[in-house]
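> Got a file for you: work_35.txt, compact mmCIF, C-alpha atoms.
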# COMPACT_ATOMS: atom_id res chain seq x y z
CA MET A 1 146.49 -57.41 78.04
CA THR A 2 143.11 -59.07 77.84
CA GLY A 3 140.89 -60.20 80.65
CA PRO A 4 139.21 -63.57 81.06
CA ASP A 5 136.14 -62.23 79.24
CA GLY A 6 138.26 -61.35 76.19
CA THR A 7 137.89 -57.58 76.58
CA ALA A 8 140.93 -55.35 76.15
CA ARG A 9 142.77 -54.32 79.29
CA VAL A 10 144.44 -50.96 79.62
CA ARG A 11 147.71 -50.25 81.40
CA GLY A 12 147.99 -46.73 82.82
CA LEU A 13 151.41 -45.13 83.14
CA PRO A 14 151.53 -41.72 84.88
CA VAL A 15 153.75 -39.25 83.01
CA GLY A 16 154.89 -36.60 85.44
CA ASP A 17 152.25 -35.02 87.66
CA ARG A 18 149.67 -34.07 85.03
CA ALA A 19 149.63 -36.66 82.27
CA LEU A 20 148.65 -40.30 81.80
CA LEU A 21 149.76 -42.72 79.08
CA LEU A 22 147.24 -45.49 78.41
CA GLU A 23 148.73 -48.55 76.73
CA VAL A 24 147.01 -51.47 74.98
CA ASP A 25 148.22 -54.42 72.91
CA THR A 26 146.98 -53.58 69.40
CA GLY A 27 146.25 -50.69 67.13
CA GLU A 28 142.60 -51.71 66.96
CA ALA A 29 142.36 -51.60 70.75
CA ALA A 30 144.01 -48.15 70.78
CA GLN A 31 141.46 -46.82 68.30
CA ALA A 32 138.58 -48.26 70.33
CA LEU A 33 140.04 -46.75 73.51
CA HIS A 34 140.42 -43.37 71.81
CA ALA A 35 136.80 -43.48 70.63
CA GLU A 36 135.60 -44.40 74.13
CA LEU A 37 137.60 -41.54 75.69
CA LEU A 38 136.05 -39.09 73.23
CA ARG A 39 132.58 -40.47 73.91
CA ARG A 40 132.99 -40.10 77.67
CA ALA A 41 134.51 -36.64 77.28
CA GLY A 42 131.53 -35.59 75.16
CA ALA A 43 129.12 -37.04 77.71
CA GLY A 44 130.87 -35.26 80.56
CA THR A 45 131.79 -38.49 82.35
CA LEU A 46 135.56 -38.25 81.79
CA PRO A 47 137.54 -36.19 84.32
CA ALA A 48 138.78 -32.97 82.79
CA VAL A 49 141.76 -33.37 80.44
CA ARG A 50 143.45 -30.76 78.28
CA GLU A 51 144.34 -33.02 75.35
CA ILE A 52 143.75 -36.58 74.12
CA VAL A 53 146.51 -37.79 71.78
CA PRO A 54 146.30 -41.28 70.19
CA ALA A 55 149.30 -43.16 68.81
CA ALA A 56 149.91 -46.67 67.42
CA ARG A 57 149.10 -48.57 70.64
CA THR A 58 148.74 -45.80 73.23
CA VAL A 59 146.62 -42.78 74.06
CA LEU A 60 148.13 -39.88 76.01
CA LEU A 61 145.91 -37.81 78.28
CA ASP A 62 147.47 -34.45 79.12
CA GLY A 63 146.33 -32.04 81.80
CA VAL A 64 144.99 -34.69 84.19
CA ALA A 65 144.43 -33.67 87.82
CA ASP A 66 145.08 -37.13 89.30
CA PRO A 67 146.74 -39.52 86.78
CA ARG A 68 146.93 -42.51 89.14
CA ARG A 69 143.29 -42.27 90.10
CA LEU A 70 142.22 -42.00 86.47
CA ALA A 71 144.46 -44.95 85.51
CA ALA A 72 142.68 -47.11 88.09
CA GLU A 73 139.30 -45.96 86.79
CA VAL A 74 140.10 -46.65 83.12
CA ALA A 75 141.42 -50.12 83.99
CA ARG A 76 137.87 -51.05 85.07
CA TRP A 77 136.21 -49.90 81.84
CA GLU A 78 134.68 -52.28 79.34
CA ILE A 79 135.67 -50.74 76.01
CA PRO A 80 133.35 -51.61 73.11
CA PRO A 81 134.93 -52.38 69.73
CA LEU A 82 134.67 -49.84 66.95
CA THR A 83 131.76 -50.13 64.56
CA GLY A 84 131.60 -49.13 60.92
CA GLY A 85 129.46 -46.09 61.67
CA ASP A 86 131.81 -44.49 64.21
CA GLY A 87 133.47 -41.23 63.18
CA ASP A 88 133.03 -38.62 60.45
CA THR A 89 133.78 -39.56 56.83
CA VAL A 90 136.06 -37.69 54.44
CA GLU A 91 136.35 -38.54 50.75
CA VAL A 92 139.71 -37.87 49.11
CA PRO A 93 139.97 -37.76 45.29
CA VAL A 94 142.98 -39.67 43.99
CA ARG A 95 144.71 -40.40 40.71
CA TYR A 96 146.25 -43.86 40.87
CA ASP A 97 149.40 -42.88 39.01
CA GLY A 98 152.15 -43.39 41.60
CA PRO A 99 155.62 -44.59 40.58
CA ASP A 100 155.37 -47.63 42.89
CA LEU A 101 151.96 -48.79 41.68
CA ALA A 102 153.44 -51.66 39.65
CA ASP A 103 155.63 -52.76 42.58
CA VAL A 104 152.64 -52.83 44.93
CA ALA A 105 150.64 -54.75 42.33
CA GLU A 106 153.42 -57.35 42.19
CA LEU A 107 153.52 -57.62 45.99
CA TRP A 108 149.74 -58.10 46.03
CA GLY A 109 149.79 -60.52 43.10
CA VAL A 110 147.31 -58.45 41.07
CA ALA A 111 147.27 -56.21 37.99
CA PRO A 112 148.05 -52.50 38.60
CA GLN A 113 144.44 -51.47 37.94
CA GLU A 114 143.36 -53.89 40.66
CA VAL A 115 145.43 -51.94 43.20
CA ALA A 116 143.25 -48.92 42.50
CA ARG A 117 140.06 -50.96 42.79
CA ILE A 118 141.10 -52.61 46.05
CA HIS A 119 142.43 -49.43 47.63
CA SER A 120 139.47 -47.25 46.67
CA GLY A 121 137.08 -49.98 47.78
CA THR A 122 138.51 -49.97 51.32
CA GLU A 123 137.16 -47.85 54.15
CA PHE A 124 140.06 -46.44 56.16
CA ARG A 125 140.20 -44.83 59.58
CA VAL A 126 142.74 -42.31 60.86
CA ALA A 127 144.41 -44.13 63.75
CA PHE A 128 146.70 -41.26 64.74
CA CYS A 129 148.62 -38.33 63.28
CA GLY A 130 152.31 -37.50 63.23
CA PHE A 131 155.46 -37.16 61.10
CA ALA A 132 154.29 -33.80 59.69
CA PRO A 133 151.31 -31.49 60.33
CA GLY A 134 148.30 -33.01 58.60
CA PHE A 135 149.77 -36.49 58.09
CA GLY A 136 147.38 -39.20 59.22
CA TYR A 137 148.21 -42.89 59.65
CA LEU A 138 145.21 -44.67 58.10
CA THR A 139 144.34 -48.29 58.87
CA GLY A 140 141.92 -50.55 57.01
CA LEU A 141 143.86 -52.75 54.61
CA PRO A 142 143.84 -56.44 55.63
CA ASP A 143 147.07 -58.10 56.73
CA HIS A 144 147.79 -59.67 53.34
CA ARG A 145 147.78 -56.19 51.74
CA HIS A 146 150.48 -54.76 54.01
CA VAL A 147 153.63 -53.76 52.12
CA PRO A 148 157.18 -52.97 53.24
CA ARG A 149 158.78 -49.57 53.00
CA ARG A 150 161.11 -49.00 50.07
CA ALA A 151 164.63 -50.33 50.59
CA THR A 152 165.98 -46.90 49.61
CA PRO A 153 163.91 -43.88 50.72
CA ARG A 154 163.37 -41.03 48.28
CA THR A 155 164.99 -37.71 49.09
CA ARG A 156 161.86 -35.90 47.94
CA VAL A 157 158.26 -37.14 47.90
CA PRO A 158 155.84 -34.63 46.31
CA ALA A 159 153.01 -33.15 48.36
CA GLY A 160 149.75 -35.02 47.80
CA SER A 161 151.40 -38.40 47.29
CA VAL A 162 149.16 -41.28 48.42
CA ALA A 163 151.38 -43.95 49.91
CA LEU A 164 151.49 -47.32 51.67
CA ALA A 165 153.86 -48.72 54.31
CA GLY A 166 153.27 -51.65 56.64
CA PRO A 167 149.61 -51.59 57.75
CA TYR A 168 149.16 -47.89 56.94
CA THR A 169 148.02 -45.64 54.13
CA GLY A 170 149.04 -41.99 54.26
CA VAL A 171 149.00 -38.80 52.21
CA TYR A 172 152.06 -36.55 52.27
CA PRO A 173 150.81 -33.05 53.20
CA ARG A 174 153.99 -31.40 51.94
CA SER A 175 157.12 -32.30 50.01
CA SER A 176 159.56 -34.24 52.19
CA PRO A 177 161.88 -37.26 52.20
CA GLY A 178 160.07 -40.57 52.58
CA GLY A 179 160.31 -44.31 52.13
CA TRP A 180 156.66 -45.27 51.61
CA GLN A 181 155.34 -46.92 48.43
CA LEU A 182 153.70 -44.25 46.26
CA ILE A 183 150.53 -45.44 44.51
CA GLY A 184 148.76 -42.19 43.65
CA THR A 185 148.37 -38.44 43.98
CA THR A 186 145.67 -36.08 45.24
CA ASP A 187 145.09 -32.34 45.05
CA ALA A 188 143.37 -32.36 48.46
CA VAL A 189 144.91 -29.91 50.93
CA LEU A 190 145.83 -31.91 54.02
CA TRP A 191 146.96 -28.98 56.18
CA ASP A 192 145.72 -25.39 55.93
CA THR A 193 146.18 -23.00 58.85
CA ALA A 194 143.43 -20.78 57.42
CA ARG A 195 140.96 -23.64 57.82
CA ASP A 196 139.27 -24.74 61.05
CA PRO A 197 140.36 -27.36 61.79
CA ALA A 198 143.64 -26.98 59.93
CA ALA A 199 143.99 -30.74 59.38
CA LEU A 200 141.70 -32.42 56.84
CA LEU A 201 142.25 -35.76 58.57
CA SER A 202 142.12 -36.19 62.34
CA PRO A 203 142.15 -39.28 64.59
CA GLY A 204 138.91 -41.24 64.40
CA THR A 205 137.93 -39.90 60.97
CA ARG A 206 136.85 -42.46 58.38
CA VAL A 207 138.39 -41.97 54.93
CA ARG A 208 137.52 -43.20 51.45
CA PHE A 209 139.73 -42.64 48.43
CA VAL A 210 137.69 -41.88 45.32
CA PRO A 211 139.20 -42.26 41.84
CA GLU A 212 139.35 -38.73 40.49
CA ARG A 213 137.15 -39.38 37.50
CA THR A 214 134.19 -39.54 39.95
CA ALA A 215 135.24 -36.81 42.40
CA GLY A 216 136.43 -33.25 42.10
CA ALA A 217 137.58 -32.30 45.58
CA ALA A 218 137.90 -33.64 49.07
CA ARG A 219 134.62 -33.33 50.94
CA THR A 220 132.82 -34.43 54.06
CA PRO A 221 129.46 -35.75 52.77
CA HIS A 222 128.05 -36.70 56.15
CA ALA A 223 128.95 -36.96 59.80
CA GLY A 224 128.92 -40.23 61.69
CA LYS A 225 128.28 -40.80 65.36
CA GLY A 226 131.86 -40.37 66.49
CA ALA A 227 134.00 -37.31 67.08
CA SER A 228 137.59 -36.38 66.41
CA VAL A 229 140.24 -34.20 67.96
Produce structure tokens that represent the structure in this file.


Amino acid sequence: MTGPDGTARVRGLPVGDRALLLEVDTGEAAQALHAELLRRAGAGTLPAVREIVPAARTVLLDGVADPRRLAAEVARWEIPPLTGGDGDTVEVPVRYDGPDLADVAELWGVAPQEVARIHSGTEFRVAFCGFAPGFGYLTGLPDHRHVPRRATPRTRVPAGSVALAGPYTGVYPRSSPGGWQLIGTTDAVLWDTARDPAALLSPGTRVRFVPERTAGAARTPHAGKGASV
């Protein structure tokens, strides 16, 4: 869904009477669309919506007065690509001690210590959240660093496990079954209902993993130009 000028095109699908699903071709386009929706909402140029929910290649707008009219409007937008400075930044301390570190190193064709260097040297962005409260799907690794899920999922993955699967990095906010490749652990609290917001990671947030020897706790050192929901 691209136009003759190469810009992303958005397909609007009304969902009932009060919601609109916006669909694009790629995850990158979905993240750019999400950022543009937040920008327009912050500027007061987006019609009132109750909630903006990004996913892998869609963004759901809930609480829309006229979904079909808004779909026609969004289809005319020129959506700028994301830039490196968009979004807040969170640093997450990590110990690269996961049980699948050697397997990921073999898939990447590098030594295990290189996995830590490559991963911690990458700037990630939370594309969307799901699976469990506080679980963010982080993009940023190039295509040749994507890894498959484990052939046999684990029945229990410890909370704080830093993991890879396909194009995503994630951190398990609580103990649960899972089939991702575990490369490290963190003591950062991903979900805390006593905190506002409860989720440490939200869509649009930039994330850097910091080897624990140089970091003591997850922190937000500075805010970028973007916003998150």

> Nearest to Ala132 of chain A: which of A:Arg11, A:Arg174, A:Arg18, A:Arg117 is it, counting only C-alpha atoms?

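Of all the options, A:Arg174 lies closest to Ala132 of chain A.
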
> So which one's closest to Gln181 of chain A, A:Pro211, A:Pro133, A:Pro203, A:Pro99? Using all atoms listed in the file, please.

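Of A:Pro211, A:Pro133, A:Pro203, A:Pro99, the one nearest Gln181 of chain A is A:Pro99, counting all atoms listed in the file.
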
> How many Å separate atom CA of Arg39 of chain A from atom CA of Thr83 of chain A?

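Value for the atom CA of Arg39 of chain A-atom CA of Thr83 of chain A distance: 13.5 Å.
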
> Emit as AutoDock Vina command-line options the padded axis-aligned box for all listed atoms of segment 133-141 of chain A, 8 Å per side, with centre and edge lengths in Å to one decimal.


--center_x 146.6 --center_y -42.1 --center_z 57.5 --size_x 25.4 --size_y 37.3 --size_z 21.7

> Between A:Leu107, A:Val10, A:Leu190, A:Ala159, which one has atoms that come closest to Ser175 of chain A, using all atoms listed in the file?

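Among the listed residues, A:Ala159 lies closest to Ser175 of chain A.
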
> Closest to Thr45 of chain A among A:Leu70, A:Thr26, A:Gly98, A:Gln31, using all atoms listed in the file?

A:Leu70

> Rank nothing, just name the residue among A:Val115, A:Ser176, A:Asp25, A:Phe124 nearest to Val90 of chain A, using only C-alpha atoms.

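Smallest separation from Val90 of chain A among the options: A:Phe124.
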
> Between A:Arg206, A:Arg149, A:Arg9, A:Arg40, which one has atoms that come closest to Arg125 of chain A, using only C-alpha atoms?

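That would be A:Arg206, the residue with the smallest distance to Arg125 of chain A.
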
> I'd like the contact shell of Ala127 of chain A - 10 Å cut-off, only C-alpha atoms, skipping same-chain residues fewer than 2 positions apart - returned as a ChimeraX atom specification.

/A:27-28,30-32,34,54-57,124-125,129,136-140,168,202-206

> List as a PyMOL selection string the protein and nucleic acid residues near Pro112 of chain A, meaning an atom at most 7 Å away when all atoms listed in the file are counted, but skip any in the same chain fewer than 6 places from it.

chain A and resi 101-102+105

> Next, the residues of the selection above should be written as a PDB file, keeping the file's coordinate frame with C-alpha atoms.


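What landed in part.pdb:
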ATOM      1  CA  LEU A 101     151.960 -48.790  41.680  1.00  0.00           C
ATOM      2  CA  ALA A 102     153.440 -51.660  39.650  1.00  0.00           C
ATOM      3  CA  ALA A 105     150.640 -54.750  42.330  1.00  0.00           C
TER       4      ALA A 105
END

> Distance atom CA of Val162 of chain A-atom CA of Val210 of chain A, one decimal place?

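Pair atom CA of Val162 of chain A / atom CA of Val210 of chain A returns 11.9 Å.
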
> Just the residues within 8 Å of His146 of chain A, please, counting all atoms listed in the file, with nothing from its chain fewer than 5 positions along; format it as a list in words.

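Selected residues are Leu141, Leu164, Ala165, Gly166, Pro167 and Tyr168 of chain A.
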
> State, in Å with one decimal place, the distance from atom CA of Arg150 of chain A to atom CA of Ala163 of chain A.

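Between atom CA of Arg150 of chain A and atom CA of Ala163 of chain A the gap is 11.0 Å.
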